[in-house]
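Undergrad: To start, I am sharing the structure in question, which I have written as structure tokens.
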Amino acid sequence: MDQGNNSRMTEFVLHSFSGPPELQLFFFVLFTLLYVSIVLGNFLIVFTVLSEPALHTPMYFLLSNLSFLDVCLSTFVTPKMIVDFLTEHKTISFEACMAQIFFMHVLAGGEMMLLVAMAYDRYVAICRPLHYAAIMSVHKCTGLVVGSWLIGVLHSVSQFVFVINLPFCGPNTVDNFFCDLPLVIKLACTDTYILEKLMVSDSGIMAMSSFLLLLISYMVILVTVRQRSSTGMAKARATLTAHVTVVTLFFGPCLLIYASPFNNFLLNKILSVFYTVFTPILNPLIYTLRNKEVILAMQKLRKQHVSF
């Protein structure tokens with residue numbers, strides 16, 4: 001860090017999970033295995049959906065995009081955390097920190113909107129099955145995915161433009177394993193009270209409104225499913241359970257973090273690990289283990305590659 005009246009911060013110090021060298025090595029091996037599993041598991045879903053014509057449907061198109069987002073979200077945090085387990089000085093450059101903040105909010109905001117799009121897809125499929133093909137056209141599905149990314153970018157830009165211009169002159173310690181926006185804002189050498197509340201409210205309102213919209217959508221779907229009894233509805237119920245589980249795993253930690261962003265740093269670290277590491281690794285398991293179509297498609301691909 002450069003110091004002086006007119007100097008600017010050149011790096012931040014990250015406080016990852018502390019412990020003796022043996023524990024750090026254990027974390028290194030653990031999170032390396034988890035990250036490899038995230039990449040392989042989610043890209044396996046993307047590859048399966050792209051390769052199997054039977055999965056060229058709106059639901060699986062959205063699912064493959066969710067898997068891609070999960071890989072990206074984890075990639076902007078986990079590799080840096082893994083490397084830091086083997087280093088004594090856990091630092092990140094100012095530019096890398098700003099990039100991490102920007103893309104984390106793009107991807108997290110985009111994933112929130114994509115989960116809303118997936119809920120809309122299930123609503124149309126279950127509540128308006130006769131019109132499903134007409135409503136969920138290729139054009140509509142592409143628009144939902146592009147719209148999710150655009151909303152994520154707009155959300156990130158609305159916060160990033162204020163952060164990038166803040167004066168940082170010390171201290172430079174972020175009490176997390178990545179550049180967490182609320183914690184970085186507090187390091188600015190100016191009064192940021194209003195900005196802190198604005199940033200937290202912005203992300204909190206986006207997360208809460210998306211969660212409430214999803215909650216209402218799934219309640220409507222659940223009522224529809226309970227009113228019908230058939231094989232198709234049993235399949236819809238299983239799919240709905242998987243969606244609700246994923247939504248809970250993603251939004252639960254986010255809402256808890258923004259409910260108390262400056263109070264319990266250890267809890268924030270644990271919750272951050274949950275939605276950047278554990279949620280991306282659980283999503284493929286939740287969708288594949290409860291989905292016979294995906295399992296059959298994967299088995300078919302395995303047989304095709306083994307035959308070669």
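Chain labels run A, B, ... following the order of the structure tokens; each chain numbers its residues from 1, and ligands are numbered from 1 in the order shown.
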Considering only C-alpha atoms, return as an MDAnalysis selection string whatever protein or nucleic-acid residues lie within 12 Å of Gly19 in chain A, sequence-local ones (same chain, fewer than 4 positions apart) excluded.
TA: chainID A and resid 15 23:27 85:86 88
Undergrad: Please, which residues of range 168-229 of chain A, numbered as in this document, come out helix (DSSP H, G or I) from DSSP, as a PyMOL selection string?
TA: chain A and resi 181-185+193-227
Undergrad: Leaving out Leu266 in chain A and any residue of its chain fewer than 5 positions from it, which residues lie within 12 Å of it when counting only C-alpha atoms, given as a ChimeraX atom specification?
TA: /A:15-18,175-177,257,260-261,271-273
Undergrad: May I ask which of the residues A:Pro53, A:Pro20, A:Gly41, A:Pro79 is the closest one to Pro280 in chain A, counting only C-alpha atoms?
TA: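 The shortest atom-to-atom distance to Pro280 in chain A comes from A:Gly41.
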Undergrad: How far is it from CA of Val161 in chain A to CA of Val146 in chain A, in Å with one decimal?
TA: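 The value is 22.3 Å.
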Undergrad: As a list of chain:residue names, list the residues of range 60-270 of chain A assigned to strand (DSSP E or B) by DSSP on the backbone atoms of this structure.
TA: A:Thr91, A:Ile92, A:Ser93, A:Thr173, A:Val174
Undergrad: Write the residues of the preceding selection, restricted to N, CA and C atoms, as a CSV table (one decimal), in the first residue's frame.
TA:
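Writing done, so here's out34.csv:
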chain,number,residue,atom,x,y,z
A,91,THR,N,-3.0,-10.9,-0.3
A,91,THR,CA,-3.3,-9.5,-0.9
A,91,THR,C,-4.0,-9.7,-2.2
A,92,ILE,N,-4.7,-8.6,-2.6
A,92,ILE,CA,-5.3,-8.5,-4.0
A,92,ILE,C,-5.1,-7.1,-4.4
A,93,SER,N,-4.7,-6.9,-5.7
A,93,SER,CA,-4.5,-5.5,-6.2
A,93,SER,C,-5.8,-4.7,-6.2
A,173,THR,N,-7.5,-3.5,5.0
A,173,THR,CA,-7.8,-4.9,5.4
A,173,THR,C,-9.3,-5.2,5.2
A,174,VAL,N,-9.6,-6.2,4.4
A,174,VAL,CA,-11.0,-6.6,4.1
A,174,VAL,C,-11.2,-7.9,4.9
Undergrad: Neighbours of range 60-72 of chain A within 6 Å (only C-alpha atoms; same-chain residues fewer than 6 positions away dropped), as an mmCIF file with N, CA, C and O atoms, in the first residue's frame?
TA:
data_model
loop_
_atom_site.group_PDB
_atom_site.id
_atom_site.type_symbol
_atom_site.label_atom_id
_atom_site.label_comp_id
_atom_site.auth_asym_id
_atom_site.auth_seq_id
_atom_site.Cartn_x
_atom_site.Cartn_y
_atom_site.Cartn_z
ATOM 1 N N VAL A 39 -16.721 -27.078 -11.475
ATOM 2 C CA VAL A 39 -16.472 -26.886 -12.911
ATOM 3 C C VAL A 39 -16.924 -28.115 -13.697
ATOM 4 O O VAL A 39 -17.662 -28.006 -14.693
ATOM 5 N N ASN A 42 -20.992 -28.744 -13.399
ATOM 6 C CA ASN A 42 -21.827 -27.787 -14.121
ATOM 7 C C ASN A 42 -21.579 -27.821 -15.626
ATOM 8 O O ASN A 42 -22.526 -27.713 -16.413
ATOM 9 N N VAL A 46 -24.061 -28.554 -18.933
ATOM 10 C CA VAL A 46 -24.080 -27.743 -20.155
ATOM 11 C C VAL A 46 -23.823 -28.622 -21.383
ATOM 12 O O VAL A 46 -24.545 -28.535 -22.388
ATOM 13 N N PRO A 280 -23.133 -23.661 -5.925
ATOM 14 C CA PRO A 280 -22.799 -24.107 -7.289
ATOM 15 C C PRO A 280 -22.520 -25.594 -7.400
ATOM 16 O O PRO A 280 -22.733 -26.181 -8.465
#
Undergrad: I'd like to know which of A:Tyr132, A:Phe278, A:Phe162, A:Phe250 is closest to Phe31 in chain A, using only C-alpha atoms.
TA: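 Looking at the shortest contact to Phe31 in chain A, the residue is A:Phe278.
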Undergrad: What does the distance between CA of Tyr120 in chain A and CA of Ser209 in chain A come to in Å, to one decimal place?
TA: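 One can read the CA of Tyr120 in chain A to CA of Ser209 in chain A distance as 14.9 Å.
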Undergrad: I need the residue nearest Leu14 in chain A from this list: A:Tyr193, A:Phe211, A:Phe94, A:Tyr287. Use only C-alpha atoms for the distance.
TA: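 Under the stated criterion, the closest residue is A:Phe94.
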Undergrad: For Thr248 in chain A, which of A:Cys141, A:Ala99, A:Leu214, A:Met9 is the closest residue, counting only C-alpha atoms?
TA: A:Leu214
Undergrad: Output as CSV one row per residue of range 5-111 of chain A within 10 Å of range 183-191 of chain A: the closest atom pair and its distance in Å to one decimal place, counting only C-alpha atoms, sorted by chain and residue number ascending.
TA:
residue,atom,partner,partner_atom,distance
A:Met9,CA,A:Ala188,CA,9.7
A:Phe12,CA,A:Val184,CA,8.9
A:Cys97,CA,A:Val184,CA,9.0
A:Met98,CA,A:Val184,CA,9.5
A:Ile101,CA,A:Val184,CA,9.3
Undergrad: Which residues, written as a count of residues only, have at least one atom at most 12 Å from Ile295 in chain A, with only C-alpha atoms counted and residues fewer than 6 positions away on the same chain left out?
TA: 14
Undergrad: Counting only C-alpha atoms, figure out which residue out of A:Thr32, A:Leu154, A:Arg122, A:Ile194 gets nearest to Val244 in chain A.
TA: A:Arg122
